[in-house]
Amino acid sequence: MSNQTHATSTDAPRETPPTIIVIFGASGDLTARKLAPAIFNLSKDDLLPESCYLIGYGRSSMSDEAFRDYLRESLASHSRRPIEEATWDALAPNISFHAGGYDELDSYKELDTKITAIEESLGSYAQCLFYVSTPPGVFMPILENLGTSGLAKRHKGQATASKVIIEKPFGRDLQSAHELNGVINRRFEESQVFRIDHYLGKETVQSLLVQRFANSIFEPVWNRNYVSSVQITVSENLGVGSRGGYYDRSGALRDMIQNHVMQLLALTAMEPPSSLDPEAIRDEKVKALQALKPVAFTGDDPEVVRGVYTEGLVDGQRADGYLEEEAIPQSSSTETYAALRLSLDNWRWKGVPFYIRSGKRLAMKASEIVVQFSRPPAILFGEGQRFKVEPNLLVIRIQPNEGITLYLNSKVPGLETKLQPIKLAFGYETTFGSNTPEAYERLILDALNGDGTLFIRGDEAETSWSLLSPVLEFWEAQGKNGLESYSAGTWGPLAADKLLLKGGHEWLTGKEYQ
Ligand code: BG6
């Protein structure tokens, strides 16, 4: 940890002051699986500030030593690269644990005293990065107490001003997101706040902006004149596992669509920003989300489908249905799958359907954006059976096997004219090698540097909720009525295929073309 200068998402070198990272929910799963590995991998790459401290905050009492052991073990299981002794030894003495209730003001005051003592030992001010990684039920008391104790306002207006990262879920509907934003706005400046969506830290998601705006061939065709549909699939083959308690209060729409999928949609649909300034980018994303038309959830042609998985075969193994999973009540009407047909009422996208879907226990884990272009006029090719002219597709694969593939029609070699789609494929790993940084590494680094580009602004979260909250209210009122089912290991309920039929489309991710 010797180098204070590094690149951020805007690639501008910045000086990062001494930093104290305080993780609320330090003994939780996210700290072990993602946060600790990210922090140590940043340290390994010399990307942390020269003086960096880590304080775990949690309700259970734990000694500093026990917390260090806990982190050490989590690194062994979850770090993308081995962490050598030298990297560990550099940070380990600066790791401590602070036990306290999330609603106990005194505990925050003690934390403040601890932070001041670190500053005294350094002989300089340090910035605090508060990482709120707890269950959402305690977000409010944590944010309020950071405010009341004065921790939120430490070194206000200076380079060492406090920052706060807030994990998802950001509210559970429009009302609660609005209330959460209200507390945040009273306690922090927006520039101090980093609402995380780890999908924005994924390499391919970041490269979407580069691909769209650093290549001139896409812009002329990136609109209603050439695109016949856009599909976004974020599918998982795993079930809810041990997270049933959380998941059953959430469901696919809240857990994945409201945040991750809507972010992918915003980046795909947005207008070119005027600069790479975080606000310029976020302004355009909000405008794209604001252009989304309200979703029809009743009537002859509803634009939403929800489903729940039943027993099935996943990778050849029998998998339980959702109602058999741990902590799921039999009365549950939570959706493990959601699909929507959306449209944007704006100049660029008028009339182009955006199909989005996400679910658990589907046929495979895949996150993809598929831009389907219009078919060419059936004049030379495409009229007879011999010529099957497929629409061109641009497939942006976020995971796994990150890459971009363009599907074109080509002539099959031979004496007769026969057409077949071929692919021009780019794979990140083949071109750039493996071991790209984890999303959390990028996001923590950006937050340390005060770069909010890859974080969700308050109005973005609320705009997304304002589209989806009415759907959730409707579903809640309906209970199990209209909740489709699908066998684990398939691509979801049949009703979701019908969503696309009207427009003459079909879901492409997972289809033969790959
Ligand atoms: C999280 C959801 O935000 O994203 C989980 O809460 C989901 O339910 C996870 O499994 C998927 O993330 P990734 O990076 O594995 O696609």
# chains A, B, ... in the order shown; residues from 1 in each chain; ligands from 1
$ select_by_dssp --residues "segment 428-465 of chain A" --states "helix (DSSP H, G or I)" --output "list in words"
Tyr428, Glu429, Thr430, Thr431, Phe432, Ala439, Tyr440, Glu441, Arg442, Leu443, Ile444, Leu445, Asp446, Ala447, Leu448, Gly458, Asp459, Glu460, Ala461, Glu462, Thr463, Ser464 and Trp465 of chain A
$ write_last_selection --atoms "N, CA, C and O atoms" --output "mmCIF file, in the first residue's frame"
data_model
loop_
_atom_site.group_PDB
_atom_site.id
_atom_site.type_symbol
_atom_site.label_atom_id
_atom_site.label_comp_id
_atom_site.auth_asym_id
_atom_site.auth_seq_id
_atom_site.Cartn_x
_atom_site.Cartn_y
_atom_site.Cartn_z
ATOM 1 N N TYR A 428 -13.869 -11.318 -23.704
ATOM 2 C CA TYR A 428 -12.932 -10.562 -22.857
ATOM 3 C C TYR A 428 -11.719 -11.395 -22.476
ATOM 4 O O TYR A 428 -10.588 -10.938 -22.525
ATOM 5 N N GLU A 429 -12.026 -12.637 -22.082
ATOM 6 C CA GLU A 429 -10.932 -13.460 -21.558
ATOM 7 C C GLU A 429 -9.926 -13.784 -22.649
ATOM 8 O O GLU A 429 -8.713 -13.737 -22.437
ATOM 9 N N THR A 430 -10.435 -14.118 -23.850
ATOM 10 C CA THR A 430 -9.524 -14.463 -24.939
ATOM 11 C C THR A 430 -8.654 -13.260 -25.300
ATOM 12 O O THR A 430 -7.453 -13.389 -25.555
ATOM 13 N N THR A 431 -9.263 -12.081 -25.312
ATOM 14 C CA THR A 431 -8.507 -10.902 -25.745
ATOM 15 C C THR A 431 -7.636 -10.322 -24.632
ATOM 16 O O THR A 431 -6.497 -9.945 -24.857
ATOM 17 N N PHE A 432 -8.213 -10.234 -23.436
ATOM 18 C CA PHE A 432 -7.495 -9.517 -22.372
ATOM 19 C C PHE A 432 -6.991 -10.405 -21.241
ATOM 20 O O PHE A 432 -6.408 -9.913 -20.282
ATOM 21 N N ALA A 439 -16.610 -6.674 -9.355
ATOM 22 C CA ALA A 439 -17.402 -5.436 -9.353
ATOM 23 C C ALA A 439 -17.163 -4.620 -8.083
ATOM 24 O O ALA A 439 -17.011 -3.395 -8.124
ATOM 25 N N TYR A 440 -17.084 -5.293 -6.940
ATOM 26 C CA TYR A 440 -16.940 -4.551 -5.679
ATOM 27 C C TYR A 440 -15.596 -3.841 -5.579
ATOM 28 O O TYR A 440 -15.480 -2.836 -4.898
ATOM 29 N N GLU A 441 -14.593 -4.344 -6.231
ATOM 30 C CA GLU A 441 -13.293 -3.653 -6.204
ATOM 31 C C GLU A 441 -13.430 -2.300 -6.890
ATOM 32 O O GLU A 441 -13.026 -1.266 -6.363
ATOM 33 N N ARG A 442 -14.000 -2.323 -8.086
ATOM 34 C CA ARG A 442 -14.183 -1.083 -8.838
ATOM 35 C C ARG A 442 -15.034 -0.092 -8.045
ATOM 36 O O ARG A 442 -14.726 1.091 -7.935
ATOM 37 N N LEU A 443 -16.116 -0.612 -7.450
ATOM 38 C CA LEU A 443 -17.071 0.302 -6.808
ATOM 39 C C LEU A 443 -16.501 0.895 -5.522
ATOM 40 O O LEU A 443 -16.670 2.088 -5.247
ATOM 41 N N ILE A 444 -15.809 0.078 -4.736
ATOM 42 C CA ILE A 444 -15.222 0.618 -3.501
ATOM 43 C C ILE A 444 -14.141 1.643 -3.854
ATOM 44 O O ILE A 444 -14.049 2.710 -3.258
ATOM 45 N N LEU A 445 -13.350 1.327 -4.870
ATOM 46 C CA LEU A 445 -12.305 2.263 -5.291
ATOM 47 C C LEU A 445 -12.918 3.591 -5.743
ATOM 48 O O LEU A 445 -12.448 4.677 -5.367
ATOM 49 N N ASP A 446 -13.971 3.521 -6.534
ATOM 50 C CA ASP A 446 -14.614 4.747 -7.009
ATOM 51 C C ASP A 446 -15.200 5.550 -5.853
ATOM 52 O O ASP A 446 -15.104 6.778 -5.828
ATOM 53 N N ALA A 447 -15.814 4.860 -4.903
ATOM 54 C CA ALA A 447 -16.387 5.585 -3.761
ATOM 55 C C ALA A 447 -15.279 6.261 -2.965
ATOM 56 O O ALA A 447 -15.409 7.418 -2.555
ATOM 57 N N LEU A 448 -14.158 5.562 -2.765
ATOM 58 C CA LEU A 448 -13.024 6.175 -2.043
ATOM 59 C C LEU A 448 -12.579 7.457 -2.741
ATOM 60 O O LEU A 448 -12.191 8.424 -2.109
ATOM 61 N N GLY A 458 -30.349 9.221 -6.148
ATOM 62 C CA GLY A 458 -31.643 9.084 -5.475
ATOM 63 C C GLY A 458 -32.821 9.144 -6.430
ATOM 64 O O GLY A 458 -33.749 8.325 -6.348
ATOM 65 N N ASP A 459 -32.787 10.077 -7.388
ATOM 66 C CA ASP A 459 -33.938 10.200 -8.298
ATOM 67 C C ASP A 459 -34.020 9.015 -9.256
ATOM 68 O O ASP A 459 -35.106 8.624 -9.693
ATOM 69 N N GLU A 460 -32.863 8.413 -9.568
ATOM 70 C CA GLU A 460 -32.881 7.217 -10.419
ATOM 71 C C GLU A 460 -33.638 6.090 -9.729
ATOM 72 O O GLU A 460 -34.482 5.422 -10.330
ATOM 73 N N ALA A 461 -33.293 5.877 -8.437
ATOM 74 C CA ALA A 461 -33.953 4.804 -7.690
ATOM 75 C C ALA A 461 -35.453 5.063 -7.633
ATOM 76 O O ALA A 461 -36.272 4.154 -7.866
ATOM 77 N N GLU A 462 -35.839 6.297 -7.377
ATOM 78 C CA GLU A 462 -37.275 6.579 -7.248
ATOM 79 C C GLU A 462 -37.999 6.448 -8.590
ATOM 80 O O GLU A 462 -39.146 5.989 -8.642
ATOM 81 N N THR A 463 -37.330 6.835 -9.679
ATOM 82 C CA THR A 463 -37.990 6.715 -10.988
ATOM 83 C C THR A 463 -38.258 5.240 -11.309
ATOM 84 O O THR A 463 -39.322 4.881 -11.817
ATOM 85 N N SER A 464 -37.285 4.410 -10.983
ATOM 86 C CA SER A 464 -37.463 2.985 -11.234
ATOM 87 C C SER A 464 -38.604 2.421 -10.376
ATOM 88 O O SER A 464 -39.460 1.667 -10.850
ATOM 89 N N TRP A 465 -38.635 2.855 -9.128
ATOM 90 C CA TRP A 465 -39.723 2.394 -8.250
ATOM 91 C C TRP A 465 -41.079 2.897 -8.736
ATOM 92 O O TRP A 465 -42.088 2.207 -8.604
#
$ residues_near_ligand --ligand "ligand 1" --cutoff "8 Å" --atoms "only C-alpha atoms and all ligand atoms" --output "list in words"
Lys168, Asp197, His198, Tyr199, Val234, Glu236, Leu238, Val240, Tyr247, Ala252, Asp255, Met256, His260, Lys360, Lys365, Ser367 and Gln399 of chain A
$ closest_residue --among "A:Lys350, A:Arg341, A:His78, A:Arg68" --to "Asp301 of chain A" --atoms "only C-alpha atoms"
A:Arg341
$ residues_around --residues "Gly351 of chain A" --least-positions-apart "4" --cutoff "9 Å" --atoms "only C-alpha atoms" --output "MDAnalysis selection string"
chainID A and resid 224 228 343:345
$ write_last_selection --atoms "all heavy atoms" --output "PDB file, in the first residue's frame"
ATOM      1  N   ARG A 224     -35.256   3.341 -33.223  1.00  0.00           N
ATOM      2  CA  ARG A 224     -36.469   2.668 -33.710  1.00  0.00           C
ATOM      3  C   ARG A 224     -36.412   2.326 -35.200  1.00  0.00           C
ATOM      4  O   ARG A 224     -37.125   1.450 -35.671  1.00  0.00           O
ATOM      5  CB  ARG A 224     -37.694   3.544 -33.448  1.00  0.00           C
ATOM      6  CG  ARG A 224     -37.691   4.816 -34.245  1.00  0.00           C
ATOM      7  CD  ARG A 224     -38.868   5.734 -33.965  1.00  0.00           C
ATOM      8  NE  ARG A 224     -38.860   6.848 -34.891  1.00  0.00           N
ATOM      9  CZ  ARG A 224     -38.004   7.866 -34.852  1.00  0.00           C
ATOM     10  NH1 ARG A 224     -37.091   7.924 -33.905  1.00  0.00           N
ATOM     11  NH2 ARG A 224     -38.059   8.818 -35.749  1.00  0.00           N
ATOM     12  N   SER A 228     -35.533  -3.773 -33.797  1.00  0.00           N
ATOM     13  CA  SER A 228     -36.929  -4.228 -33.673  1.00  0.00           C
ATOM     14  C   SER A 228     -37.265  -4.598 -32.232  1.00  0.00           C
ATOM     15  O   SER A 228     -38.417  -4.557 -31.849  1.00  0.00           O
ATOM     16  CB  SER A 228     -37.214  -5.393 -34.615  1.00  0.00           C
ATOM     17  OG  SER A 228     -36.648  -6.572 -34.124  1.00  0.00           O
ATOM     18  N   SER A 343     -41.942  -0.147 -22.864  1.00  0.00           N
ATOM     19  CA  SER A 343     -41.660   0.701 -24.025  1.00  0.00           C
ATOM     20  C   SER A 343     -41.342   2.111 -23.561  1.00  0.00           C
ATOM     21  O   SER A 343     -41.835   2.562 -22.522  1.00  0.00           O
ATOM     22  CB  SER A 343     -42.818   0.695 -25.002  1.00  0.00           C
ATOM     23  OG  SER A 343     -44.019   0.838 -24.311  1.00  0.00           O
ATOM     24  N   LEU A 344     -40.496   2.761 -24.328  1.00  0.00           N
ATOM     25  CA  LEU A 344     -40.098   4.131 -23.981  1.00  0.00           C
ATOM     26  C   LEU A 344     -40.804   5.085 -24.928  1.00  0.00           C
ATOM     27  O   LEU A 344     -40.763   4.890 -26.154  1.00  0.00           O
ATOM     28  CB  LEU A 344     -38.584   4.317 -24.136  1.00  0.00           C
ATOM     29  CG  LEU A 344     -37.695   3.714 -23.051  1.00  0.00           C
ATOM     30  CD1 LEU A 344     -37.377   2.270 -23.358  1.00  0.00           C
ATOM     31  CD2 LEU A 344     -36.411   4.513 -22.942  1.00  0.00           C
ATOM     32  N   ASP A 345     -41.398   6.087 -24.338  1.00  0.00           N
ATOM     33  CA  ASP A 345     -42.112   7.060 -25.144  1.00  0.00           C
ATOM     34  C   ASP A 345     -41.165   8.204 -25.474  1.00  0.00           C
ATOM     35  O   ASP A 345     -41.301   9.297 -24.946  1.00  0.00           O
ATOM     36  CB  ASP A 345     -43.306   7.579 -24.313  1.00  0.00           C
ATOM     37  CG  ASP A 345     -44.525   7.702 -25.169  1.00  0.00           C
ATOM     38  OD1 ASP A 345     -44.396   7.497 -26.381  1.00  0.00           O
ATOM     39  OD2 ASP A 345     -45.592   7.997 -24.612  1.00  0.00           O
TER      40      ASP A 345
END
$ residues_around --residues "segment 127-132 of chain A" --least-positions-apart "4" --cutoff "6 Å" --atoms "only C-alpha atoms" --output "ChimeraX atom specification"
/A:19-24,160-166
$ write_last_selection --atoms "all heavy atoms" --output "compact mmCIF listing (two decimals), in the first residue's frame"
# COMPACT_ATOMS: atom_id res chain seq x y z
N THR A 19 -7.67 6.90 4.96
CA THR A 19 -9.08 6.48 4.93
C THR A 19 -9.39 5.46 6.02
O THR A 19 -8.58 4.57 6.29
CB THR A 19 -9.39 5.86 3.55
OG1 THR A 19 -9.21 6.87 2.56
CG2 THR A 19 -10.81 5.34 3.46
N ILE A 20 -10.57 5.63 6.61
CA ILE A 20 -11.05 4.65 7.58
C ILE A 20 -12.36 4.08 7.02
O ILE A 20 -13.33 4.83 6.84
CB ILE A 20 -11.30 5.31 8.95
CG1 ILE A 20 -9.99 5.94 9.45
CG2 ILE A 20 -11.84 4.29 9.95
CD1 ILE A 20 -10.15 6.88 10.63
N ILE A 21 -12.35 2.81 6.68
CA ILE A 21 -13.57 2.18 6.16
C ILE A 21 -14.29 1.53 7.34
O ILE A 21 -13.70 0.70 8.05
CB ILE A 21 -13.23 1.10 5.10
CG1 ILE A 21 -12.42 1.71 3.94
CG2 ILE A 21 -14.50 0.44 4.57
CD1 ILE A 21 -11.92 0.69 2.92
N VAL A 22 -15.53 1.93 7.56
CA VAL A 22 -16.31 1.34 8.65
C VAL A 22 -17.43 0.51 8.01
O VAL A 22 -18.24 1.05 7.25
CB VAL A 22 -16.95 2.42 9.56
CG1 VAL A 22 -17.74 1.77 10.69
CG2 VAL A 22 -15.87 3.35 10.11
N ILE A 23 -17.44 -0.79 8.28
CA ILE A 23 -18.48 -1.63 7.68
C ILE A 23 -19.55 -1.95 8.73
O ILE A 23 -19.26 -2.59 9.75
CB ILE A 23 -17.89 -2.96 7.14
CG1 ILE A 23 -16.81 -2.67 6.10
CG2 ILE A 23 -18.99 -3.82 6.54
CD1 ILE A 23 -16.17 -3.92 5.51
N PHE A 24 -20.77 -1.49 8.48
CA PHE A 24 -21.90 -1.87 9.34
C PHE A 24 -22.44 -3.20 8.80
O PHE A 24 -22.73 -3.31 7.61
CB PHE A 24 -23.00 -0.80 9.28
CG PHE A 24 -22.58 0.49 9.92
CD1 PHE A 24 -22.03 1.51 9.17
CD2 PHE A 24 -22.73 0.66 11.29
CE1 PHE A 24 -21.63 2.69 9.76
CE2 PHE A 24 -22.32 1.84 11.90
CZ PHE A 24 -21.77 2.86 11.14
N THR A 160 -11.48 15.33 3.01
CA THR A 160 -11.67 14.20 3.93
C THR A 160 -13.12 14.11 4.44
O THR A 160 -13.37 13.46 5.45
CB THR A 160 -10.72 14.32 5.12
OG1 THR A 160 -10.77 15.67 5.60
CG2 THR A 160 -9.30 13.97 4.75
N ALA A 161 -14.06 14.74 3.73
CA ALA A 161 -15.48 14.65 4.15
C ALA A 161 -15.91 13.18 4.13
O ALA A 161 -15.46 12.40 3.29
CB ALA A 161 -16.34 15.47 3.21
N SER A 162 -16.81 12.84 5.05
CA SER A 162 -17.29 11.45 5.13
C SER A 162 -18.08 11.05 3.88
O SER A 162 -18.66 11.90 3.22
CB SER A 162 -18.24 11.29 6.33
OG SER A 162 -17.55 11.55 7.51
N LYS A 163 -18.08 9.75 3.64
CA LYS A 163 -18.87 9.21 2.52
C LYS A 163 -19.66 8.02 3.04
O LYS A 163 -19.25 7.38 4.01
CB LYS A 163 -17.94 8.73 1.40
CG LYS A 163 -17.07 9.85 0.84
CD LYS A 163 -16.30 9.37 -0.36
CE LYS A 163 -15.65 10.55 -1.05
NZ LYS A 163 -14.24 10.70 -0.68
N VAL A 164 -20.76 7.71 2.38
CA VAL A 164 -21.54 6.54 2.81
C VAL A 164 -21.94 5.71 1.59
O VAL A 164 -22.40 6.24 0.59
CB VAL A 164 -22.77 6.95 3.66
CG1 VAL A 164 -23.74 7.82 2.89
CG2 VAL A 164 -23.50 5.74 4.23
N ILE A 165 -21.67 4.40 1.69
CA ILE A 165 -22.14 3.47 0.65
C ILE A 165 -23.35 2.75 1.22
O ILE A 165 -23.31 2.25 2.36
CB ILE A 165 -21.06 2.42 0.29
CG1 ILE A 165 -19.83 3.11 -0.30
CG2 ILE A 165 -21.61 1.40 -0.68
CD1 ILE A 165 -18.75 2.12 -0.78
N ILE A 166 -24.43 2.69 0.44
CA ILE A 166 -25.63 1.99 0.91
C ILE A 166 -25.90 0.81 -0.01
O ILE A 166 -26.01 0.97 -1.23
CB ILE A 166 -26.83 2.94 0.94
CG1 ILE A 166 -26.49 4.14 1.84
CG2 ILE A 166 -28.08 2.23 1.46
CD1 ILE A 166 -27.45 5.27 1.67
